[in-house]
Structure formats: structure tokens, C-alpha cells
Amino acid sequence: MLDIKNLNVYYGKTHVVRDLSLKVNDGEIVCIVGESGCGKSTALKSVLMLDKNASVTGGSIIFNGKDITKLNASQIRKVRGSKIAMVFQNAVLSMDPTKTIGSLFCETVRAHNKKAQKADCLKKAEDIMKKLRLWETERIFTSYPFELSGGMCQRIAIAAAMMNTPQLILADEPTSALDVTAQAQVIRLLKQVNKNFNTSMLIVTHNMGVAANLTDKTAVMYAGRIMETGSTDDIINNPSHPYTKALINAVPEMNGKIPEAIEGLPPEFNDDTAGCPFAPRCSMSKDLCYKKLPQKHILSESHAVYCNYCYI
Ligand SMILES: Nc1ncnc2c1ncn2[C@@H]1O[C@H](COP(=O)(O)OP(=O)(O)OP(=O)(O)O)[C@@H](O)[C@H]1O
Ligand SMILES: [Mg+2]
């Protein structure tokens, strides 16, 4: 359904997303994981051309057979919110505080169908909410965003994203602003959306737990590049790239074991060294890693890694 090929994105002269390729198939939940600042949000926003400062200079974003990078502004507006919906990190902030949740649901529909009647919109909203096991619809419809908890607002934002029955949801850190119980509810809700509506999802997170619990496929990103892709099971249980292994070792555990930090810092985006961007922080790096950008190595039908050595 979504096929991103060799995507390159710049902010001015800064080359942030580098040769990113990623596929989301029908009904699949795919995530991009990686540490802060590696370009996850930039990649995600590029799918809908949401950042005016960003320029897509190369590659293609094929959605249902059409290249989004070739669409004009009004064609992209038609895709936004209807065929592809976006869910942001902090729902309360992304909602208009002067409007009730009921009007928010109606506006989502009216953005694409100006003649939609309020009663029809609310009926549809109620059906969606019931399917997603969100009760107390009447109270919720008359509430303002600030009258609801952060977790509830995030779940409402996801339900609202379903009003135009999108084929794909893009979600940027949908659980990061929430406490762990609210995170679990949002994860459960996203799973229900995927199961009940067969909606595909591309999710950005720096939380490996979210990736493990929710997603079918994971792409590990570092310094604007994909380092490893695979089924989430491959990535969590059989990681190949030293960066993926380091990311997993950095996850805090309940048993009191101190997580291992990854020494050093990611490269500056303007630092255009020839080799692997992770080489200076990699425990396995050899001379070649500073000189040669790793090519894609296929490990199995579902698993690929970009490393000069770790696939041997
Ligand atoms: N609108 C912008 N203009 C210029 N530079 C930007 C803009 N947005 C992001 N950047 C820069 O691009 C790089 C990647 O940022 P991005 O937000 O995509 O990272 P991220 O992986 O989503 O990080 P986080 O996990 O902290 O959200 C960073 O160096 C950031 O400072
Ligand atoms: Mg981000």
C-alpha cells in the first residue's frame, strides 16, 4: 500500500533523511525506531508533505500506486485526513481548545465533505467509539479537550482519525506523552483499530516496548538512515546490527539491571563522512566501516541489515 523508495529529505542544506526505503503492506503495523533526533518524525511527516521547511529531493512515496511526491498541494490535501490520517504525540495540544470533542469529530468529516450533517457525523463517531470500546460517548462529545485526561484525548484523536475510514494511519510517538497505564490503553486501541478496520499503520517511536507489543515490522533508523529492517520478532529476538543490539540493551528492565548507555553521540547531519554513520560508536567497527557505506544485506525474506561485517 505504501512503498517509500530511496527517500531523501533536506532542511535547507541539512540532509536529514538519507536514502530511506520502507514498505507498509495492507493491514500491517510498521514502526520506525531510533534515538532522538535521528529523523523519524521528518520521515513520517514527509509521507504527507506536512513540513513546509522540508524538501524532498529524491526518491518516491508510492501510495496505492500514485507517487505522493508528484502531487500538487490540493491533491495532497485530499489524501490528508481521508486516505491517510495522522495522529500526533500530544493530542491535547493538537486539538482546538475552544471546540468540543463532538465538533472535532464533525470537523474531521467536513474537511472532506462540507455538506456532512452534524447528526450523521455524531452517529458515525458513536459507532466508531463503540467498536473501539470507548464508552460515555455523550459526556465525551460535550467535553472540551482540557476536560479529559491526556490518555483519553489520545484515544479520541485515534477514533477521530477513523472518521473518514483511512487506509493508513501515521502516528508520531502516539504513547510518549502518557503514563504507562494510558500507554497500554492506547496500544490496545491501535490494535483494535487495526483488527476491526484493517487499517495499516506507520508508527514512529523511540520505545522498543511499543514496537514489541504493537507492530509486525520494525525499521531501525540512525542518523537519517535505515540500519536494519525486519519482522519485529527478528529485530527484538534476533537483532543483527550492533546499533539495534545497543538500542535493545539500553531498554530499562524491571529486574533492577542497569541499562547500558550507547557511548558517544550521533554524527551531525552536515558531517558527510563516507562510511557507516554508526562506526565511531560501534564496538565492532573496523577500518573499512569509516570508508565504505554499508550496502543492504538480506538475512532472510523478512530481515535485512546495512552493516559491513555483522551479517558474516
Ligand atoms: N522544521 C525543521 N527545520 C529544521 N530542522 C529540523 C526541523 N525539524 C527537525 N529538524 C532537525 O532534523 C533532525 C531530525 O529531527 P526529527 O524531528 O525528524 O527527529 P526525531 O527522530 O523525530 O527525534 P525525536 O525522537 O526527538 O522526536 C534534527 O536534527 C532536527 O533538529
Ligand atoms: Mg520526533
# chains A, B, ... in the order shown; residues from 1 in each chain; ligands from 1
$ residues_near_ligand --ligand "ligand 2" --cutoff "7 Å" --atoms "only C-alpha atoms and all ligand atoms" --output "tab-separated table (two decimals) with N, CA, C and O atoms, in the first residue's frame"
chain	number	residue	atom	x	y	z
A	36	SER	N	16.54	9.91	19.72
A	36	SER	CA	16.05	11.26	19.47
A	36	SER	C	16.90	11.98	18.42
A	36	SER	O	18.13	11.90	18.45
A	37	GLY	N	16.23	12.63	17.49
A	37	GLY	CA	16.93	13.45	16.50
A	37	GLY	C	17.42	12.70	15.28
A	37	GLY	O	18.07	13.27	14.42
A	39	GLY	N	15.73	11.53	12.82
A	39	GLY	CA	14.99	11.86	11.60
A	39	GLY	C	13.67	11.11	11.43
A	39	GLY	O	13.07	11.14	10.36
A	40	LYS	N	13.22	10.46	12.52
A	40	LYS	CA	11.98	9.66	12.43
A	40	LYS	C	10.78	10.52	12.04
A	40	LYS	O	10.05	10.20	11.11
A	41	SER	N	10.59	11.63	12.78
A	41	SER	CA	9.41	12.48	12.51
A	41	SER	C	9.50	13.09	11.12
A	41	SER	O	8.49	13.21	10.42
A	172	ASP	N	2.94	9.64	15.20
A	172	ASP	CA	4.25	10.07	15.68
A	172	ASP	C	4.28	10.00	17.21
A	172	ASP	O	3.61	10.79	17.87
$ residues_near_ligand --ligand "ligand 1" --cutoff "8 Å" --atoms "only C-alpha atoms and all ligand atoms" --output "VMD selection string"
chain A and resid 11 to 12 14 16 to 17 34 to 43 51 to 54 172 to 173 204 to 206 224 268 to 269
$ select_by_dssp --residues "range 8-231 of chain A" --states "strand (DSSP E)" --output "VMD selection string"
chain A and resid 8 to 11 14 to 24 29 to 33 54 to 63 66 to 67 84 to 87 168 to 172 200 to 205 217 to 222 225 to 231
$ closest_residue --among "A:Cys276, A:Ala85, A:Met208, A:Val30" --to "Pro252 in chain A" --atoms "only C-alpha atoms"
A:Met208
$ closest_residue --among "A:Gly209, A:Gly58, A:Gly256, A:Pro166" --to "Asp26 in chain A" --atoms "only C-alpha atoms"
A:Pro166
$ closest_atom_pairs --of "range 173-256 of chain A" --to "range 87-97 of chain A" --cutoff "12 Å" --atoms "only C-alpha atoms" --output "JSON lines"
{"residue": "A:Glu173", "atom": "CA", "partner": "A:Gln89", "partner_atom": "CA", "distance": 4.9}
{"residue": "A:Pro174", "atom": "CA", "partner": "A:Gln89", "partner_atom": "CA", "distance": 4.7}
{"residue": "A:Thr175", "atom": "CA", "partner": "A:Gln89", "partner_atom": "CA", "distance": 6.8}
{"residue": "A:Ser176", "atom": "CA", "partner": "A:Gln89", "partner_atom": "CA", "distance": 6.5}
{"residue": "A:Ala177", "atom": "CA", "partner": "A:Asn90", "partner_atom": "CA", "distance": 6.2}
{"residue": "A:Leu178", "atom": "CA", "partner": "A:Asn90", "partner_atom": "CA", "distance": 8.7}
{"residue": "A:Gln183", "atom": "CA", "partner": "A:Gln89", "partner_atom": "CA", "distance": 11.5}
{"residue": "A:Val186", "atom": "CA", "partner": "A:Gln89", "partner_atom": "CA", "distance": 11.5}
{"residue": "A:Leu190", "atom": "CA", "partner": "A:Val87", "partner_atom": "CA", "distance": 10.9}
{"residue": "A:Met201", "atom": "CA", "partner": "A:Val87", "partner_atom": "CA", "distance": 10.4}
{"residue": "A:Leu202", "atom": "CA", "partner": "A:Val87", "partner_atom": "CA", "distance": 10.3}
{"residue": "A:Ile203", "atom": "CA", "partner": "A:Val87", "partner_atom": "CA", "distance": 9.3}
{"residue": "A:Val204", "atom": "CA", "partner": "A:Gln89", "partner_atom": "CA", "distance": 9.7}
{"residue": "A:Thr205", "atom": "CA", "partner": "A:Gln89", "partner_atom": "CA", "distance": 9.7}
{"residue": "A:His206", "atom": "CA", "partner": "A:Gln89", "partner_atom": "CA", "distance": 11.9}
$ residues_around --residues "range 67-71 of chain A" --least-positions-apart "3" --cutoff "12 Å" --atoms "only C-alpha atoms" --output "ChimeraX atom specification"
/A:1-5,7-9,46-50,55-64,74-80,84
$ residues_around --residues "Leu134 in chain A" --least-positions-apart "3" --cutoff "12 Å" --atoms "only C-alpha atoms" --output "mmCIF file with C-alpha atoms, in the first residue's frame"
data_model
loop_
_atom_site.group_PDB
_atom_site.id
_atom_site.type_symbol
_atom_site.label_atom_id
_atom_site.label_comp_id
_atom_site.auth_asym_id
_atom_site.auth_seq_id
_atom_site.Cartn_x
_atom_site.Cartn_y
_atom_site.Cartn_z
ATOM 1 C CA ALA A 125 -18.480 8.896 15.743
ATOM 2 C CA GLU A 126 -20.585 6.922 18.234
ATOM 3 C CA ASP A 127 -20.397 3.769 16.087
ATOM 4 C CA ILE A 128 -16.620 4.061 15.789
ATOM 5 C CA MET A 129 -16.216 4.697 19.509
ATOM 6 C CA LYS A 130 -18.380 1.701 20.398
ATOM 7 C CA LYS A 131 -16.397 -0.530 18.043
ATOM 8 C CA THR A 137 -19.927 8.985 24.245
ATOM 9 C CA GLU A 138 -22.449 11.670 25.251
ATOM 10 C CA ARG A 139 -20.247 13.055 28.016
ATOM 11 C CA ILE A 140 -17.206 12.923 25.755
ATOM 12 C CA PHE A 141 -18.917 14.710 22.828
ATOM 13 C CA MET A 152 -8.453 9.753 26.802
ATOM 14 C CA CYS A 153 -7.633 12.637 24.423
ATOM 15 C CA GLN A 154 -5.119 10.435 22.633
ATOM 16 C CA ARG A 155 -7.687 7.651 22.261
ATOM 17 C CA ILE A 156 -10.259 10.187 20.992
ATOM 18 C CA ALA A 157 -7.724 11.522 18.473
ATOM 19 C CA ILE A 158 -7.273 7.978 17.147
ATOM 20 C CA ALA A 159 -11.049 7.420 16.970
ATOM 21 C CA ALA A 160 -11.438 10.793 15.180
ATOM 22 C CA GLN A 185 -4.721 1.634 26.606
ATOM 23 C CA VAL A 186 -3.516 3.476 23.507
ATOM 24 C CA ARG A 188 -4.699 -1.736 22.834
ATOM 25 C CA LEU A 189 -6.811 0.798 20.938
ATOM 26 C CA GLN A 192 -8.356 -2.776 17.827
ATOM 27 C CA VAL A 193 -8.355 -0.209 15.007
#
$ select_by_dssp --residues "range 228-306 of chain A" --states "helix (DSSP H, G or I)" --output "ChimeraX atom specification"
/A:232-237,242-249,279-281,287-291
$ residues_around --residues "His297 in chain A" --least-positions-apart "2" --cutoff "10 Å" --atoms "only C-alpha atoms" --output "list of chain:residue names"
A:Glu228, A:Pro294, A:Gln295, A:Leu299, A:Ser300, A:His303, A:Ala304, A:Val305, A:Tyr306, A:Cys307, A:Asn308, A:Tyr309, A:Cys310, A:Tyr311, A:Ile312
$ closest_residue --among "A:Asn194, A:Thr218, A:Ser240, A:Ser103" --to "Gln117 in chain A" --atoms "only C-alpha atoms"
A:Ser103
$ atom_distance --atom1 "CA of Asp179 in chain A" --atom2 "CA of Ser149 in chain A"
10.9 Å
$ closest_residue --among "A:Ser283, A:Thr232, A:Ser302, A:Ser143" --to "Val210 in chain A" --atoms "only C-alpha atoms"
A:Thr232
$ residues_around --residues "Cys282 in chain A" --least-positions-apart "5" --cutoff "12 Å" --atoms "only C-alpha atoms" --output "ChimeraX atom specification"
/A:241-247,262-266,276-277,287,289-290,307-310
$ write_last_selection --atoms "N, CA, C and O atoms" --output "JSON list (two decimals), in the first residue's frame"
[["chain", "number", "residue", "atom", "x", "y", "z"],
["A", 241, "HIS", "N", 22.31, -5.84, 13.60],
["A", 241, "HIS", "CA", 23.16, -4.64, 13.58],
["A", 241, "HIS", "C", 23.62, -4.27, 15.00],
["A", 241, "HIS", "O", 22.81, -4.30, 15.94],
["A", 242, "PRO", "N", 24.88, -3.91, 15.17],
["A", 242, "PRO", "CA", 25.35, -3.51, 16.52],
["A", 242, "PRO", "C", 24.52, -2.37, 17.11],
["A", 242, "PRO", "O", 24.33, -2.31, 18.33],
["A", 243, "TYR", "N", 24.00, -1.48, 16.24],
["A", 243, "TYR", "CA", 23.17, -0.39, 16.77],
["A", 243, "TYR", "C", 21.85, -0.93, 17.32],
["A", 243, "TYR", "O", 21.41, -0.51, 18.39],
["A", 244, "THR", "N", 21.24, -1.88, 16.61],
["A", 244, "THR", "CA", 19.98, -2.46, 17.09],
["A", 244, "THR", "C", 20.23, -3.15, 18.44],
["A", 244, "THR", "O", 19.45, -2.99, 19.38],
["A", 245, "LYS", "N", 21.35, -3.89, 18.52],
["A", 245, "LYS", "CA", 21.67, -4.59, 19.77],
["A", 245, "LYS", "C", 21.85, -3.58, 20.90],
["A", 245, "LYS", "O", 21.36, -3.76, 22.02],
["A", 246, "ALA", "N", 22.55, -2.48, 20.58],
["A", 246, "ALA", "CA", 22.79, -1.45, 21.61],
["A", 246, "ALA", "C", 21.48, -0.81, 22.05],
["A", 246, "ALA", "O", 21.27, -0.55, 23.24],
["A", 247, "LEU", "N", 20.57, -0.57, 21.09],
["A", 247, "LEU", "CA", 19.26, 0.03, 21.43],
["A", 247, "LEU", "C", 18.49, -0.89, 22.38],
["A", 247, "LEU", "O", 17.89, -0.43, 23.35],
["A", 262, "ILE", "N", 24.52, 3.93, 25.18],
["A", 262, "ILE", "CA", 25.38, 3.84, 23.99],
["A", 262, "ILE", "C", 26.36, 5.01, 24.09],
["A", 262, "ILE", "O", 25.95, 6.17, 24.08],
["A", 263, "GLU", "N", 27.64, 4.68, 24.25],
["A", 263, "GLU", "CA", 28.65, 5.74, 24.41],
["A", 263, "GLU", "C", 28.72, 6.62, 23.17],
["A", 263, "GLU", "O", 28.48, 6.15, 22.05],
["A", 264, "GLY", "N", 29.09, 7.88, 23.37],
["A", 264, "GLY", "CA", 29.28, 8.79, 22.23],
["A", 264, "GLY", "C", 27.98, 9.41, 21.77],
["A", 264, "GLY", "O", 26.91, 9.19, 22.36],
["A", 265, "LEU", "N", 28.10, 10.21, 20.72],
["A", 265, "LEU", "CA", 26.94, 10.94, 20.21],
["A", 265, "LEU", "C", 26.73, 10.63, 18.73],
["A", 265, "LEU", "O", 27.69, 10.31, 18.02],
["A", 266, "PRO", "N", 25.48, 10.76, 18.26],
["A", 266, "PRO", "CA", 25.27, 10.58, 16.81],
["A", 266, "PRO", "C", 26.00, 11.66, 16.03],
["A", 266, "PRO", "O", 26.28, 12.74, 16.58],
["A", 276, "CYS", "N", 30.07, 4.19, 7.48],
["A", 276, "CYS", "CA", 28.85, 3.93, 8.25],
["A", 276, "CYS", "C", 28.70, 5.01, 9.33],
["A", 276, "CYS", "O", 29.66, 5.26, 10.08],
["A", 277, "PRO", "N", 27.53, 5.65, 9.44],
["A", 277, "PRO", "CA", 27.40, 6.72, 10.45],
["A", 277, "PRO", "C", 27.56, 6.23, 11.88],
["A", 277, "PRO", "O", 27.91, 6.99, 12.77],
["A", 287, "ASP", "N", 38.47, -0.62, 10.06],
["A", 287, "ASP", "CA", 38.85, 0.48, 9.17],
["A", 287, "ASP", "C", 37.84, 0.72, 8.04],
["A", 287, "ASP", "O", 37.47, 1.85, 7.75],
["A", 289, "CYS", "N", 34.78, 0.35, 7.87],
["A", 289, "CYS", "CA", 33.50, 0.98, 8.26],
["A", 289, "CYS", "C", 33.58, 2.50, 8.18],
["A", 289, "CYS", "O", 32.55, 3.17, 8.06],
["A", 290, "TYR", "N", 34.79, 3.05, 8.30],
["A", 290, "TYR", "CA", 34.96, 4.50, 8.22],
["A", 290, "TYR", "C", 35.05, 4.97, 6.76],
["A", 290, "TYR", "O", 35.02, 6.16, 6.48],
["A", 307, "CYS", "N", 25.22, -3.26, 7.19],
["A", 307, "CYS", "CA", 26.42, -3.32, 8.01],
["A", 307, "CYS", "C", 27.50, -4.01, 7.19],
["A", 307, "CYS", "O", 27.22, -4.93, 6.44],
["A", 308, "ASN", "N", 28.75, -3.55, 7.34],
["A", 308, "ASN", "CA", 29.83, -4.15, 6.55],
["A", 308, "ASN", "C", 30.26, -5.52, 7.08],
["A", 308, "ASN", "O", 30.85, -6.30, 6.36],
["A", 309, "TYR", "N", 29.98, -5.79, 8.35],
["A", 309, "TYR", "CA", 30.51, -7.02, 8.93],
["A", 309, "TYR", "C", 29.51, -7.93, 9.61],
["A", 309, "TYR", "O", 29.67, -9.14, 9.61],
["A", 310, "CYS", "N", 28.46, -7.36, 10.22],
["A", 310, "CYS", "CA", 27.69, -8.18, 11.16],
["A", 310, "CYS", "C", 26.87, -9.28, 10.49],
["A", 310, "CYS", "O", 26.35, -10.14, 11.16]]
$ residues_around --residues "range 105-115 of chain A" --least-positions-apart "5" --cutoff "8 Å" --atoms "only C-alpha atoms" --output "PyMOL selection string"
chain A and resi 78+81-82+121-122+125+160-161+163-164
$ closest_residue --among "A:Thr165, A:Ile248, A:Ala219, A:Pro280" --to "Glu260 in chain A" --atoms "only C-alpha atoms"
A:Ile248
